[in-house]
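Step one of this worksheet: look at the structure below.
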Amino acid sequence: MWSNLSLTAKGLILFCVPLVFEFGFVFMLTNYLNEAEAEAQRAIEASRISNLVSQATTDIYTLYKKVSTSAATAYTVRERLDTSYQAVFDRVQLQYEKLDALTKDHPELNKNVRQSSKSIAEARAILDEAMSLILSGHIDEVLATHRVKSERLGQLLHGVLANELQIVARHEQEYALNSNLKQQQIRSRVAQLAYGALVFNIVLVLFMALFFFKTIVVRLKIMGENAARLASDKPLAPALGGHDEIGELDLAFHQMADTIIESARLKQEFVSMLTHDLRTPLTFIQGYLEMQKQGLLGEANERGQKLARLADRNSFHMMGLINDLLDSQKIESNMLTIEQEEVCVAELFEQVRLILEDWVAEHGIKFQIEDSDLFVRGDQEKLVRVLLNLVSNAVKYSKEGDSIALGATESGKFVEITVADQGPGIPRDMLKSVFERFQQVGGDPQARKGSGLGLAICKQLVTIHGGKIWVSSERGQGSVFHFTIPSV
């Protein structure tokens, strides 16, 4: 299922899933914080209500004492009239107005507050009525109702003290305690949310990493391995499948690989057929020319002998090109094998001299070969090919009067063989690239063109033997090609 999603969709998943989680976490945390803030505000209101109730209770208790302990003369003797209760009632009435406003969202509490407020108002009305009668001279009427009014007044104030205000106070105290408990619960839930979010975030990150690794990284790694397999001519891993960009790219890569493999097979068949068709008549021509050189076909005049030598040289050059092309294909297909045997370096030099001496002499070039008693381990025919290619390359860039020298020295577990010429030299920036296929040093009009495969094949043959090849040269001072072969 995941492989059918496009990379864009997978990228959106990687982006949106953590984002949705963060939004959800912030939303829940905000709700908890708002709830905690609301509880804190309600706790403050409860505390204010409790404080007001406490103040009102104190004032009402003061009133109750005044009313319950006053003598009848307190109402009959003008000079001793006590009107301080009015200031207390004013203060209590103001407190109840505040309580009414604070408890408007709490119906049960507000009901108790209003009932107490009515009792306080009734008590004040009784006292105000008695005071009014005393001031108007109706003392007899006050004395007649004094006992009843005093009892009613005491009941009202006692009822407020004993029931209603105490109920309000206890309720608000309980609410404050419950609020603290609820805030603690909210803090606990916030902590649980934070720890849960941390665990979920870790799991989410691991899941997203696994998702990214399995659907993208692993598949890209397989494609990279397939590219390496294609480069080393090994079978490719099966197609990844899926309809996303990686799956489509892998499918296109497999199709391209099939085309390349088929093209390489057809090219190899073509080269094999071509080299076979060319070598057969060329071998016959070389055999005829050899017979001519040995005089088995009769004596030829001077011009005939010259043409025969020219034909022999060109056939040898053409056979070398065919062998280079064939060896190049064998090396690319990992089909070239070498015979490991003891080979005398002097014998290698001698074979090269016999094959190329006449051709080198015709160009007016001196051929110098150092004596050597060293032995190497390798394939004699392949090593002769390396030397022939290096000497032929030196001849291409040499002019009449120059010399080409072959030498060998022992270097640890290897024998280092050198081919030195006095040609124009190689630019410093091309010292490594000359061993690449179809790479030639330009800018020399006297140089004889070749196939561009000789030095590349030399490098491949030397590498197969376990050695290395390089060139040291400076422009205008000739070149020296070095290669090493394991010694015996």
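How things are named: the first chain in the structure tokens is A, the next is B, and so on; residues count from 1 in each chain; ligands count from 1 in the order shown.
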As an MDAnalysis selection string, which residues of region 85-256 of chain A does DSSP assign to alpha helix (DSSP H)? chainID A and resid 85:102 107:135 139:159 165:212 218:231 245:256
Please provide as a list of chain:residue names all residues within 12 Å of Gly425 (chain A), with the sequence filter that same-chain residues fewer than 3 positions apart are discarded (counting only C-alpha atoms). A:Asn393, A:Ala394, A:Lys396, A:Tyr397, A:Ser398, A:Ala420, A:Asp421, A:Gln422, A:Arg428, A:Asp429, A:Met430, A:Leu431, A:Val434, A:Val441, A:Gly442, A:Gly443, A:Asp444, A:Ala447, A:Val471, A:Ser472, A:Ser473, A:Glu474, A:Arg475, A:Gly476, A:Gln477, A:Gly478, A:Ser479, A:Val480, A:Phe481
